[in-house]
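What follows is data_9.txt (compact mmCIF, C-alpha atoms).
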# COMPACT_ATOMS: atom_id res chain seq x y z
CA MET A 227 -84.27 18.24 45.95
CA ASN A 228 -81.67 20.89 45.11
CA ASP A 229 -81.88 24.05 43.02
CA CYS A 230 -79.57 24.63 40.07
CA THR A 231 -77.44 27.74 40.46
CA ASN A 232 -78.24 28.85 36.89
CA ALA A 233 -81.33 30.99 37.53
CA ASP A 234 -81.80 31.90 33.86
CA ILE A 235 -82.06 28.27 32.82
CA ARG A 236 -84.43 27.47 35.71
CA ASP A 237 -86.59 30.39 34.65
CA GLN A 238 -87.01 28.87 31.21
CA LEU A 239 -87.83 25.31 32.25
CA PRO A 240 -91.62 25.93 32.14
CA ASP A 241 -91.19 27.40 28.64
CA LEU A 242 -89.24 24.29 27.61
CA LEU A 243 -92.07 22.18 29.03
CA HIS A 244 -94.62 24.07 26.91
CA ASP A 245 -92.34 24.11 23.86
CA ARG A 246 -92.35 27.89 23.77
CA LEU A 247 -88.69 28.61 23.25
CA THR A 248 -87.09 29.72 20.04
CA VAL A 249 -84.85 27.19 18.36
CA ASP A 250 -81.64 28.89 19.52
CA VAL A 251 -82.68 29.28 23.15
CA ARG A 252 -84.13 25.80 23.22
CA GLU A 253 -80.81 24.29 22.14
CA VAL A 254 -79.00 26.08 24.97
CA VAL A 255 -81.55 25.03 27.61
CA VAL A 256 -81.69 21.43 26.41
CA ALA A 257 -77.90 21.21 26.42
CA HIS A 258 -77.81 22.51 30.00
CA VAL A 259 -80.52 20.16 31.21
CA ALA A 260 -78.69 17.20 29.67
CA ASP A 261 -75.72 17.93 31.93
CA CYS A 262 -77.57 19.14 35.04
CA ALA A 263 -79.27 16.61 37.34
CA ASP A 264 -80.99 19.32 39.38
CA CYS A 265 -82.60 20.84 36.29
CA ARG A 266 -83.65 17.40 35.01
CA GLU A 267 -85.26 16.71 38.35
CA GLU A 268 -87.02 20.08 38.38
CA LEU A 269 -88.20 19.62 34.82
CA GLU A 270 -89.62 16.24 35.76
CA LEU A 271 -91.36 17.80 38.75
CA LEU A 272 -92.86 20.49 36.54
CA ARG A 273 -94.15 17.84 34.17
CA ASP A 274 -95.80 15.93 37.04
CA VAL A 275 -97.34 19.07 38.55
CA ARG A 276 -98.69 20.07 35.19
CA GLY A 277 -100.22 16.62 34.73
CA ALA A 278 -101.82 16.76 38.18
CA LEU A 279 -103.27 20.20 37.52
CA LEU A 280 -104.63 19.21 34.12
CA ILE A 281 -106.29 16.10 35.52
CA ARG A 282 -108.17 18.06 38.12
CA THR A 283 -109.52 20.58 35.64
CA PRO A 284 -113.18 21.23 36.53
CA ARG A 285 -115.58 20.33 33.76
CA VAL A 286 -117.37 23.07 31.95
CA ASP A 287 -120.27 22.85 29.53
CA VAL A 288 -119.09 24.54 26.35
CA GLY A 289 -122.56 24.39 24.76
CA GLN A 290 -124.15 26.13 27.70
CA ILE A 291 -121.52 28.85 27.66
CA VAL A 292 -121.94 29.43 23.92
CA ALA A 293 -125.72 29.60 24.32
CA ALA A 294 -125.32 32.37 26.88
CA LEU A 295 -123.10 34.51 24.66
CA PRO A 296 -124.45 37.61 22.91
CA LYS A 297 -125.29 37.27 19.23
CA PRO A 298 -122.74 38.75 16.85
CA ALA A 299 -125.35 40.59 14.75
CA ALA A 300 -126.77 42.33 17.82
CA HIS A 301 -123.24 43.10 18.86
CA ALA A 302 -122.46 44.75 15.54
CA ALA A 303 -125.69 46.77 15.15
CA PRO A 304 -126.04 50.00 17.12
CA SER A 305 -128.76 49.94 19.74
CA ARG A 306 -132.05 51.82 19.34
CA ARG A 307 -131.13 53.89 22.34
CA PHE A 308 -127.90 54.94 20.65
CA VAL A 309 -129.77 55.88 17.47
CA ARG A 310 -132.16 58.04 19.47
CA MET A 311 -129.28 59.69 21.24
CA ASP A 312 -127.62 60.26 17.93
CA TRP A 313 -130.61 62.30 16.68
CA ARG A 314 -130.76 64.21 19.92
CA ILE A 315 -127.13 65.13 19.72
CA ALA A 316 -127.56 66.27 16.11
CA ALA A 317 -130.61 68.38 17.03
CA ALA A 318 -128.78 69.97 19.94
CA VAL A 319 -125.78 70.83 17.77
CA THR A 320 -128.04 72.35 15.09
CA PHE A 321 -129.94 74.38 17.69
CA LEU A 322 -126.75 75.73 19.19
CA ALA A 323 -125.31 76.56 15.77
CA VAL A 324 -128.44 78.43 14.59
CA GLY A 325 -128.90 80.20 17.91
CA GLY A 326 -125.26 81.19 18.08
CA SER A 327 -125.33 82.53 14.51
CA SER A 328 -128.43 84.60 15.25
CA VAL A 329 -126.85 86.16 18.31
CA ALA A 330 -123.68 86.85 16.36
CA LEU A 331 -125.66 88.54 13.57
CA LEU A 332 -127.57 90.71 16.03
CA GLU A 333 -124.34 91.74 17.72
CA ARG A 334 -122.88 92.76 14.38
CA THR A 335 -125.97 94.85 13.37
CA PRO A 336 -125.17 98.65 13.19
CA SER A 337 -126.48 100.61 16.16
CA GLY A 338 -128.83 102.67 13.95
CA ASN A 339 -130.83 99.58 13.09
CA ARG A 340 -130.93 98.18 16.59
CA SER A 341 -134.20 99.95 17.31
CA PHE A 342 -136.01 97.39 15.22
CA PRO A 343 -136.74 94.71 17.79
CA ASP A 344 -137.96 97.16 20.39
CA SER A 345 -140.00 99.28 17.99
CA ASN A 346 -141.50 96.07 16.75
CA VAL A 347 -142.59 95.25 20.25
CA VAL A 348 -144.03 98.72 20.67
CA ALA A 349 -145.89 98.40 17.38
CA ALA A 350 -147.26 95.01 18.33
CA ILE A 351 -148.53 96.41 21.57
CA ALA A 352 -149.82 99.68 20.18
CA ALA A 353 -151.55 98.47 17.04
CA PRO A 354 -154.54 96.80 18.75
CA GLY A 355 -155.02 99.87 20.87
CA SER A 356 -155.27 102.07 17.81
CA ALA A 357 -158.24 100.10 16.61
CA ALA A 358 -159.95 100.47 19.96
CA THR A 359 -159.77 104.26 20.22
CA ASP A 360 -161.38 107.07 18.25
CA SER A 361 -158.75 109.62 19.04
CA THR A 362 -157.07 110.86 15.90
CA SER A 363 -153.87 111.80 17.64
CA THR A 364 -153.58 108.45 19.32
CA ALA A 365 -154.36 106.73 16.10
CA SER A 366 -151.68 108.66 14.30
CA ALA A 367 -149.10 107.86 16.98
CA THR A 368 -149.81 104.20 17.11
CA ALA A 369 -150.10 104.02 13.37
CA ALA A 370 -146.75 105.71 13.02
CA THR A 371 -145.18 103.25 15.39
CA ALA A 372 -146.77 100.40 13.56
CA ALA A 373 -145.62 101.85 10.29
CA THR A 374 -142.06 101.83 11.55
CA ALA A 375 -142.36 98.17 12.29
CA ALA A 376 -144.15 97.57 9.04
CA SER A 377 -141.18 98.96 7.19
CA SER A 378 -139.18 96.03 8.45
CA ILE A 379 -140.46 92.48 8.89
CA ALA A 380 -143.48 92.62 11.19
CA PRO A 381 -146.42 91.53 9.07
CA THR A 382 -148.83 91.33 12.01
CA ALA A 383 -148.21 94.87 13.14
CA SER A 384 -148.27 96.07 9.58
CA GLY A 385 -151.61 94.48 8.93
CA ALA A 386 -153.09 95.90 12.13
CA SER A 387 -152.09 99.42 11.27
CA THR A 388 -153.32 99.43 7.71
CA GLY A 389 -156.62 101.12 8.51
CA SER A 390 -155.27 104.00 10.54
CA SER A 391 -152.03 104.68 8.70
CA GLU A 392 -153.98 106.76 6.18
CA VAL A 393 -154.45 109.51 8.79
CA ALA A 394 -150.89 109.54 10.02
CA SER A 395 -148.93 112.60 8.98
CA GLY A 396 -145.39 112.43 7.65
CA ALA A 397 -144.07 114.32 10.67
CA ASP A 398 -145.69 111.91 13.07
CA VAL A 399 -144.15 109.02 11.26
CA GLU A 400 -140.76 110.63 11.43
CA ASP A 401 -141.16 111.36 15.14
CA ALA A 402 -142.35 107.90 15.90
CA ALA A 403 -139.39 106.47 14.06
CA ASP A 404 -137.16 107.97 16.73
CA VAL A 405 -138.41 105.52 19.28
CA SER A 406 -135.38 103.49 20.30
CA PRO A 407 -134.33 101.04 23.00
CA GLY A 408 -132.60 103.89 24.77
CA GLY A 409 -136.05 105.25 25.74
CA ARG A 410 -136.09 108.20 23.33
CA PHE A 411 -139.83 108.88 23.39
CA SER A 412 -139.21 112.59 23.20
CA GLY A 413 -140.65 112.66 19.69
CA LEU A 414 -144.10 111.88 21.06
CA SER A 415 -146.26 114.54 22.55
CA GLU A 416 -147.44 114.24 26.13
CA THR A 417 -150.91 113.39 24.95
CA GLN A 418 -149.64 110.70 22.65
CA LEU A 419 -147.56 109.15 25.40
CA LYS A 420 -150.44 109.22 27.83
CA SER A 421 -152.72 107.66 25.27
CA LEU A 422 -150.14 105.00 24.52
CA LEU A 423 -149.77 104.15 28.19
CA ASP A 424 -153.54 103.99 28.55
CA ASP A 425 -153.70 101.59 25.63
CA ILE A 426 -151.05 99.41 27.20
CA GLY A 427 -152.97 99.45 30.45
CA GLN A 428 -156.11 98.23 28.71
CA LEU A 429 -154.39 95.27 27.12
CA PRO A 430 -155.70 91.98 28.49
CA ASP A 431 -153.54 89.08 29.69
CA VAL A 432 -150.65 91.23 30.78
CA PRO A 433 -148.85 89.13 33.39
CA VAL A 434 -148.37 90.63 36.79
CA THR A 435 -144.66 90.88 37.28
CA GLU A 436 -144.54 93.16 40.26
CA PRO A 437 -145.23 91.88 43.77
CA ASP A 438 -148.30 92.98 45.66
CA PRO A 439 -147.74 96.00 47.87
CA VAL A 440 -146.82 95.10 51.41
CA THR A 441 -148.25 97.02 54.30
CA ILE A 442 -145.99 97.22 57.30
CA GLN A 443 -147.47 98.31 60.58
CA VAL A 444 -145.00 100.19 62.72
CA ASN A 445 -145.62 100.28 66.44
CA THR A 446 -144.46 103.60 67.71
CA THR A 447 -145.17 102.75 71.34
CA SER A 448 -142.03 102.23 73.45
CA PRO A 449 -141.51 98.88 75.24
CA ASP A 450 -142.31 100.38 78.63
CA GLY A 451 -145.72 101.52 77.39
CA GLN A 452 -144.94 105.21 76.94
CA MET B 1331 -87.16 35.21 23.38
CA THR B 1332 -89.98 34.88 20.90
CA ASP B 1333 -92.82 32.45 21.20
CA PRO B 1334 -93.79 30.93 17.87
CA ALA B 1335 -96.46 28.68 19.36
CA ARG B 1336 -98.07 31.54 21.25
CA GLY B 1337 -97.90 33.71 18.14
CA SER B 1338 -99.91 31.25 16.07
CA ASP B 1339 -102.41 30.82 18.93
CA ASP B 1340 -102.86 34.57 19.14
CA ARG B 1341 -103.34 34.90 15.42
CA ARG B 1342 -105.96 32.17 15.46
CA ASP B 1343 -107.81 33.91 18.30
CA LEU B 1344 -107.79 37.22 16.44
CA GLU B 1345 -109.05 35.52 13.32
CA LEU B 1346 -111.90 33.89 15.25
CA ILE B 1347 -112.80 37.18 16.92
CA ALA B 1348 -112.97 38.88 13.53
CA ARG B 1349 -115.18 36.10 12.20
CA TRP B 1350 -117.52 36.36 15.17
CA LYS B 1351 -117.79 40.12 14.74
CA GLY B 1352 -118.67 39.42 11.13
CA GLY B 1353 -121.62 37.31 12.23
CA ASP B 1354 -120.11 33.81 12.41
CA GLU B 1355 -121.45 32.25 15.61
CA ARG B 1356 -119.37 29.10 15.15
CA ALA B 1357 -116.27 31.17 15.79
CA ALA B 1358 -117.55 31.75 19.33
CA THR B 1359 -117.83 28.02 19.89
CA GLU B 1360 -114.23 27.50 18.87
CA LEU B 1361 -113.04 30.36 21.06
CA VAL B 1362 -114.84 28.87 24.06
CA GLU B 1363 -113.46 25.41 23.32
CA ARG B 1364 -109.93 26.78 23.12
CA HIS B 1365 -109.98 28.62 26.45
CA ALA B 1366 -112.72 27.27 28.73
CA ALA B 1367 -110.59 24.53 30.32
CA ALA B 1368 -107.72 26.92 31.09
CA LEU B 1369 -110.17 29.34 32.70
CA ALA B 1370 -111.68 26.54 34.76
CA ARG B 1371 -108.21 25.47 35.95
CA PHE B 1372 -107.34 29.04 36.80
CA ALA B 1373 -110.57 29.35 38.75
CA ALA B 1374 -109.75 26.19 40.68
CA SER B 1375 -106.20 27.29 41.37
CA SER B 1376 -107.59 30.55 42.73
CA GLY B 1377 -109.57 28.63 45.30
CA GLU B 1378 -112.87 28.77 43.44
CA ARG B 1379 -114.65 25.53 44.11
CA ASN B 1380 -118.31 26.29 43.69
CA ASP B 1381 -119.87 27.43 40.48
CA VAL B 1382 -116.70 27.23 38.40
CA ASP B 1383 -118.95 26.59 35.41
CA GLU B 1384 -120.93 29.75 36.09
CA LEU B 1385 -117.79 31.80 36.64
CA VAL B 1386 -116.28 30.69 33.36
CA GLN B 1387 -119.55 31.41 31.57
CA ASP B 1388 -119.79 34.88 33.09
CA THR B 1389 -116.21 35.51 32.02
CA PHE B 1390 -116.97 34.67 28.40
CA VAL B 1391 -120.20 36.66 28.40
CA ARG B 1392 -118.43 39.72 29.75
CA ALA B 1393 -115.56 39.26 27.32
CA PHE B 1394 -117.82 38.94 24.28
CA ASN B 1395 -119.84 41.97 25.37
CA SER B 1396 -116.69 44.07 25.46
CA LEU B 1397 -114.74 42.58 22.57
CA ASP B 1398 -114.44 46.06 21.06
CA GLY B 1399 -112.23 46.92 24.03
CA PHE B 1400 -109.82 44.08 23.27
CA ARG B 1401 -106.97 45.67 21.38
CA GLY B 1402 -104.79 42.57 21.11
CA ASP B 1403 -101.98 44.05 23.20
CA SER B 1404 -101.99 40.87 25.24
CA SER B 1405 -103.13 37.42 24.20
CA PHE B 1406 -106.86 36.73 24.23
CA ARG B 1407 -106.34 34.08 26.93
CA THR B 1408 -104.48 36.48 29.20
CA TRP B 1409 -107.27 39.00 28.70
CA LEU B 1410 -109.80 36.33 29.69
CA PHE B 1411 -107.77 35.51 32.81
CA THR B 1412 -107.82 39.17 33.75
CA ILE B 1413 -111.59 39.41 33.33
CA GLN B 1414 -112.18 36.22 35.29
CA ARG B 1415 -109.97 37.33 38.15
CA ARG B 1416 -111.89 40.60 38.42
CA LEU B 1417 -115.16 38.67 38.46
CA GLN B 1418 -113.80 36.40 41.17
CA LEU B 1419 -112.78 39.34 43.31
CA ASP B 1420 -116.21 40.92 42.83
CA ARG B 1421 -117.86 37.68 43.85
CA ARG B 1422 -115.73 37.35 46.93
CA ARG B 1423 -116.45 40.89 47.98
CA ALA B 1424 -120.17 40.34 47.46
CA GLU B 1425 -119.99 37.10 49.40
CA LYS B 1426 -118.08 38.82 52.15
CA ARG B 1427 -120.71 41.52 52.41
CA ARG B 1428 -123.47 38.94 52.39
CA ARG B 1429 -122.00 36.93 55.19
CA ASP B 1430 -120.90 40.05 57.04
CA LYS B 1431 -117.56 38.46 57.72
CA ASP B 1432 -113.99 39.62 57.71
CA GLU B 1433 -111.79 39.28 54.69
CA VAL B 1434 -111.37 35.83 53.20
CA LYS B 1435 -108.22 34.50 54.74
CA GLU B 1436 -105.65 32.57 52.82
CA ASP B 1437 -106.31 29.48 54.92
CA ASP B 1438 -109.93 29.43 53.77
CA ALA B 1439 -108.94 29.14 50.13
CA SER B 1440 -106.35 26.50 50.93
CA THR B 1441 -108.90 24.40 52.75
CA GLU B 1442 -111.25 24.49 49.79
CA TYR B 1443 -108.43 23.53 47.49
CA ASP B 1444 -107.28 20.65 49.72
CA ALA B 1445 -110.78 19.24 49.76
CA LEU B 1446 -110.40 18.36 46.11
CA ASP B 1447 -107.61 15.91 46.87
CA THR B 1448 -110.10 13.07 47.10
CA LEU B 1449 -110.78 13.48 43.41
CA VAL B 1450 -107.20 12.58 42.57
CA ALA B 1451 -106.75 8.83 42.52
CA ASN B 1452 -103.05 8.64 41.90
CA GLU B 1453 -101.00 8.93 45.09
CA THR B 1454 -98.19 10.95 43.51
CA GLN B 1455 -100.65 13.32 41.92
CA ALA B 1456 -102.47 13.63 45.22
CA LYS B 1457 -99.22 14.62 46.91
CA LEU B 1458 -98.40 17.17 44.21
CA THR B 1459 -101.89 18.60 44.42
CA ALA B 1460 -101.56 18.86 48.17
CA ALA B 1461 -98.21 20.63 47.75
CA VAL B 1462 -99.78 23.17 45.41
CA GLY B 1463 -102.74 23.49 47.74
CA ARG B 1464 -100.47 24.59 50.57
CA LEU B 1465 -99.24 27.60 48.64
CA SER B 1466 -100.60 31.04 49.32
CA PRO B 1467 -103.39 32.08 46.92
CA THR B 1468 -101.12 34.40 44.96
CA GLN B 1469 -98.32 31.84 44.77
CA ARG B 1470 -100.80 29.23 43.64
CA GLU B 1471 -102.23 31.45 40.94
CA VAL B 1472 -98.80 32.38 39.61
CA PHE B 1473 -97.47 28.84 39.83
CA SER B 1474 -100.50 27.37 38.06
CA LEU B 1475 -100.41 29.93 35.26
CA ARG B 1476 -96.69 29.34 34.76
CA VAL B 1477 -96.67 25.55 35.00
CA ALA B 1478 -100.09 24.48 33.76
CA GLU B 1479 -100.71 27.22 31.18
CA GLY B 1480 -97.16 28.17 30.25
CA LEU B 1481 -97.74 31.92 30.57
CA SER B 1482 -94.76 34.26 30.64
CA TYR B 1483 -94.09 36.38 33.72
CA LYS B 1484 -95.33 39.40 31.82
CA GLU B 1485 -98.64 37.71 31.01
CA ILE B 1486 -98.98 36.44 34.56
CA ALA B 1487 -98.36 39.91 35.92
CA GLU B 1488 -101.14 41.24 33.72
CA ALA B 1489 -103.56 38.48 34.67
CA VAL B 1490 -103.13 38.67 38.43
CA GLY B 1491 -102.48 42.39 38.64
CA THR B 1492 -98.88 42.48 39.78
CA THR B 1493 -95.45 43.26 38.33
CA GLU B 1494 -93.32 40.99 36.21
CA GLY B 1495 -90.62 40.88 38.89
CA ALA B 1496 -93.12 40.06 41.61
CA ALA B 1497 -94.56 37.26 39.47
CA ARG B 1498 -91.07 35.78 39.07
CA VAL B 1499 -90.46 35.93 42.83
CA HIS B 1500 -93.85 34.31 43.53
CA TYR B 1501 -93.06 31.51 41.10
CA HIS B 1502 -89.64 30.69 42.58
CA ASN B 1503 -90.97 30.87 46.14
CA ALA B 1504 -93.76 28.52 45.13
CA MET B 1505 -91.34 26.12 43.51
CA ARG B 1506 -89.17 26.09 46.65
CA ALA B 1507 -92.23 25.49 48.84
CA VAL B 1508 -93.41 22.59 46.67
CA LYS B 1509 -89.98 20.97 46.78
CA GLU B 1510 -89.78 21.36 50.53
CA PHE B 1511 -93.23 19.81 50.96
CA LEU B 1512 -92.28 16.83 48.78
CA ASP B 1513 -88.98 16.38 50.68
CA GLU B 1514 -90.74 16.19 54.05
Here is the file; what I need is its structure written in the form of structure tokens.
Amino acid sequence: MNDCTNADIRDQLPDLLHDRLTVDVREVVVAHVADCADCREELELLRDVRGALLIRTPRVDVGQIVAALPKPAAHAAPSRRFVRMDWRIAAAVTFLAVGGSSVALLERTPSGNRSFPDSNVVAAIAAPGSAATDSTSTASATAATAATAASSIAPTASGASTGSSEVASGADVEDAADVSPGGRFSGLSETQLKSLLDDIGQLPDVPVTEPDPVTIQVNTTSPDGQ
Amino acid sequence: MTDPARGSDDRRDLELIARWKGGDERAATELVERHAAALARFAASSGERNDVDELVQDTFVRAFNSLDGFRGDSSFRTWLFTIQRRLQLDRRRAEKRRRDKDEVKEDDASTEYDALDTLVANETQAKLTAAVGRLSPTQREVFSLRVAEGLSYKEIAEAVGTTEGAARVHYHNAMRAVKEFLDE
């Protein structure tokens, strides 16, 4: 069995067999095959091989295959897991957006107003102490601090200082207002500071953040016993 | 060279896929009917003898589960061939690991293929089947897709994971080998 020397035509014989040539190309190939014994023989061989392969096609159960396929409705609908993830993603994006905006706003706040968060903390700490002591000076200091916070948005501290703010002088309030994150407690007298520290020390549930002291025993004796 | 017959087949497949996505389960039945036999033949030509039914079913299940990934760049049948071939390779690797053997040799696949000769009653067909069975696995895959399914070299290359030029060379080498076997 010989091969035709026209490789292009031989390449297209399977396409001719499957009737997959355009009209123009088909005419050319058919005309060649009509005059070429080798191509006719090869085309006949292709037809026989195709027949042999088709006959030995393994049987498959179409119904069984279709039954195993996923349902189109389930395919189209998003899964519950995806829906849950969708809400989680939305919540995370919202959290990041709100948090980021808050940080940006704080960063843009003028430095003169930056004392607010820290003075608020001081007020929150000091206000309960003012109710627990009878000292007028301590009361005025803590009340002044609380008043500073009360002038902004700390309702808890404001409410706690209501009783003692009546005895706070205007000067004390002005001095206490100087308390800033930079540690400017110079406006408070030594007594006031001491009282404030005592109050802080009496607060319950203050977590221990410092490690216990470690005792190291140093042996001063030399290795040879001297 | 255009392919009017293939074009209408492709359009029909795309139409059926769209119908199935729209909730029409009968479209799936028609899609399976159109392509199951070709997939079974391809499985056999690749040396798959056992569980052809299961392999074809797994191919369809995987295809329908990832229909959103089918963009229609190739024909639906070529895409199915590609999926099935990957499944076959996975199975062979798993089987290889299970048996703790070396790679499946080409002779092994040929032997399985030759064993089917008894199913072919006609003597000429038996000889042709034997000739195809003597081809290397890649030659046999390419030759079967070209002769039995009428795929272009480009489609064959996509299905078996090779280049268009390599597919053409495999086909002509296979044709020469078949002729030589029949001339013996």
Which chain A residues have any atom within 7 Å of an atom of chain B, and for each, what is the nearest pair of atoms with distance in Å to one decimal, counting all atoms listed in the file, rows sorted by chain and number, as JSON lines?
{"residue": "A:Met227", "atom": "CA", "partner": "B:Lys1509", "partner_atom": "CA", "distance": 6.4}
{"residue": "A:Pro240", "atom": "CA", "partner": "B:Val1477", "partner_atom": "CA", "distance": 5.8}
{"residue": "A:Asp241", "atom": "CA", "partner": "B:Gly1480", "partner_atom": "CA", "distance": 6.2}
{"residue": "A:His244", "atom": "CA", "partner": "B:Gly1480", "partner_atom": "CA", "distance": 5.9}
{"residue": "A:Arg246", "atom": "CA", "partner": "B:Asp1333", "partner_atom": "CA", "distance": 5.3}
{"residue": "A:Leu247", "atom": "CA", "partner": "B:Asp1333", "partner_atom": "CA", "distance": 6.0}
{"residue": "A:Thr248", "atom": "CA", "partner": "B:Thr1332", "partner_atom": "CA", "distance": 6.0}
{"residue": "A:Leu272", "atom": "CA", "partner": "B:Val1477", "partner_atom": "CA", "distance": 6.5}
{"residue": "A:Val275", "atom": "CA", "partner": "B:Leu1458", "partner_atom": "CA", "distance": 6.1}
{"residue": "A:Arg276", "atom": "CA", "partner": "B:Ala1478", "partner_atom": "CA", "distance": 4.8}
{"residue": "A:Ala278", "atom": "CA", "partner": "B:Gln1455", "partner_atom": "CA", "distance": 5.2}
{"residue": "A:Leu279", "atom": "CA", "partner": "B:Ala1478", "partner_atom": "CA", "distance": 6.5}
{"residue": "A:Leu280", "atom": "CA", "partner": "B:Ala1478", "partner_atom": "CA", "distance": 7.0}
{"residue": "A:Thr283", "atom": "CA", "partner": "B:Arg1371", "partner_atom": "CA", "distance": 5.1}
{"residue": "A:Pro284", "atom": "CA", "partner": "B:Ala1370", "partner_atom": "CA", "distance": 5.8}
{"residue": "A:Val286", "atom": "CA", "partner": "B:Asp1383", "partner_atom": "CA", "distance": 5.2}
{"residue": "A:Val288", "atom": "CA", "partner": "B:Glu1363", "partner_atom": "CA", "distance": 6.5}
{"residue": "A:Ile291", "atom": "CA", "partner": "B:Gln1387", "partner_atom": "CA", "distance": 5.1}
{"residue": "A:Val292", "atom": "CA", "partner": "B:Thr1359", "partner_atom": "CA", "distance": 5.9}
{"residue": "A:Ala294", "atom": "CA", "partner": "B:Val1391", "partner_atom": "CA", "distance": 6.9}
{"residue": "A:Leu295", "atom": "CA", "partner": "B:Val1391", "partner_atom": "CA", "distance": 5.2}
{"residue": "A:Pro296", "atom": "CA", "partner": "B:Asn1395", "partner_atom": "CA", "distance": 6.8}
{"residue": "A:Pro298", "atom": "CA", "partner": "B:Gly1353", "partner_atom": "CA", "distance": 5.0}
{"residue": "A:Ala299", "atom": "CA", "partner": "B:Gly1353", "partner_atom": "CA", "distance": 5.6}
{"residue": "A:Ala302", "atom": "CA", "partner": "B:Lys1351", "partner_atom": "CA", "distance": 6.6}
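CA of Ser1405 in chain B is found 5.8 Å from CA of Asp1340 in chain B.
Take CA of Leu1417 in chain B and CA of Gly1495 in chain B: the distance between them is 24.6 Å.
The interatomic distance for the pair CA of Thr1468 in chain B and CA of Phe1406 in chain B works out to 21.6 Å.
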Please supply range 1374-1389 of chain B, rebuilt with N, CA and C atoms, as an mmCIF file, in the coordinates of the input.
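Final output, saved to result-v3.cif:
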data_model
loop_
_atom_site.group_PDB
_atom_site.id
_atom_site.type_symbol
_atom_site.label_atom_id
_atom_site.label_comp_id
_atom_site.auth_asym_id
_atom_site.auth_seq_id
_atom_site.Cartn_x
_atom_site.Cartn_y
_atom_site.Cartn_z
ATOM 1 N N ALA B 1374 -110.017 27.162 39.615
ATOM 2 C CA ALA B 1374 -109.750 26.190 40.680
ATOM 3 C C ALA B 1374 -108.479 26.540 41.437
ATOM 4 N N SER B 1375 -107.457 26.956 40.706
ATOM 5 C CA SER B 1375 -106.200 27.290 41.370
ATOM 6 C C SER B 1375 -106.342 28.530 42.240
ATOM 7 N N SER B 1376 -107.344 29.353 41.921
ATOM 8 C CA SER B 1376 -107.590 30.550 42.730
ATOM 9 C C SER B 1376 -108.471 30.259 43.928
ATOM 10 N N GLY B 1377 -108.783 28.995 44.134
ATOM 11 C CA GLY B 1377 -109.570 28.630 45.300
ATOM 12 C C GLY B 1377 -111.055 28.600 45.035
ATOM 13 N N GLU B 1378 -111.451 28.787 43.781
ATOM 14 C CA GLU B 1378 -112.870 28.770 43.440
ATOM 15 C C GLU B 1378 -113.322 27.316 43.323
ATOM 16 N N ARG B 1379 -114.213 26.913 44.168
ATOM 17 C CA ARG B 1379 -114.650 25.530 44.110
ATOM 18 C C ARG B 1379 -116.088 25.435 43.616
ATOM 19 N N ASN B 1380 -116.895 26.325 44.092
ATOM 20 C CA ASN B 1380 -118.310 26.290 43.690
ATOM 21 C C ASN B 1380 -118.547 27.129 42.447
ATOM 22 N N ASP B 1381 -119.417 26.649 41.631
ATOM 23 C CA ASP B 1381 -119.870 27.430 40.480
ATOM 24 C C ASP B 1381 -118.740 27.836 39.531
ATOM 25 N N VAL B 1382 -117.771 26.948 39.362
ATOM 26 C CA VAL B 1382 -116.700 27.230 38.400
ATOM 27 C C VAL B 1382 -117.309 27.410 37.007
ATOM 28 N N ASP B 1383 -118.259 26.535 36.705
ATOM 29 C CA ASP B 1383 -118.950 26.590 35.410
ATOM 30 C C ASP B 1383 -119.564 27.981 35.179
ATOM 31 N N GLU B 1384 -120.255 28.450 36.195
ATOM 32 C CA GLU B 1384 -120.930 29.750 36.090
ATOM 33 C C GLU B 1384 -119.914 30.883 35.963
ATOM 34 N N LEU B 1385 -118.824 30.764 36.703
ATOM 35 C CA LEU B 1385 -117.790 31.800 36.640
ATOM 36 C C LEU B 1385 -117.167 31.874 35.253
ATOM 37 N N VAL B 1386 -116.867 30.712 34.702
ATOM 38 C CA VAL B 1386 -116.280 30.690 33.360
ATOM 39 C C VAL B 1386 -117.271 31.254 32.340
ATOM 40 N N GLN B 1387 -118.526 30.890 32.500
ATOM 41 C CA GLN B 1387 -119.550 31.410 31.570
ATOM 42 C C GLN B 1387 -119.659 32.931 31.679
ATOM 43 N N ASP B 1388 -119.701 33.421 32.903
ATOM 44 C CA ASP B 1388 -119.790 34.880 33.090
ATOM 45 C C ASP B 1388 -118.575 35.579 32.482
ATOM 46 N N THR B 1389 -117.433 34.926 32.589
ATOM 47 C CA THR B 1389 -116.210 35.510 32.020
ATOM 48 C C THR B 1389 -116.340 35.652 30.502
#
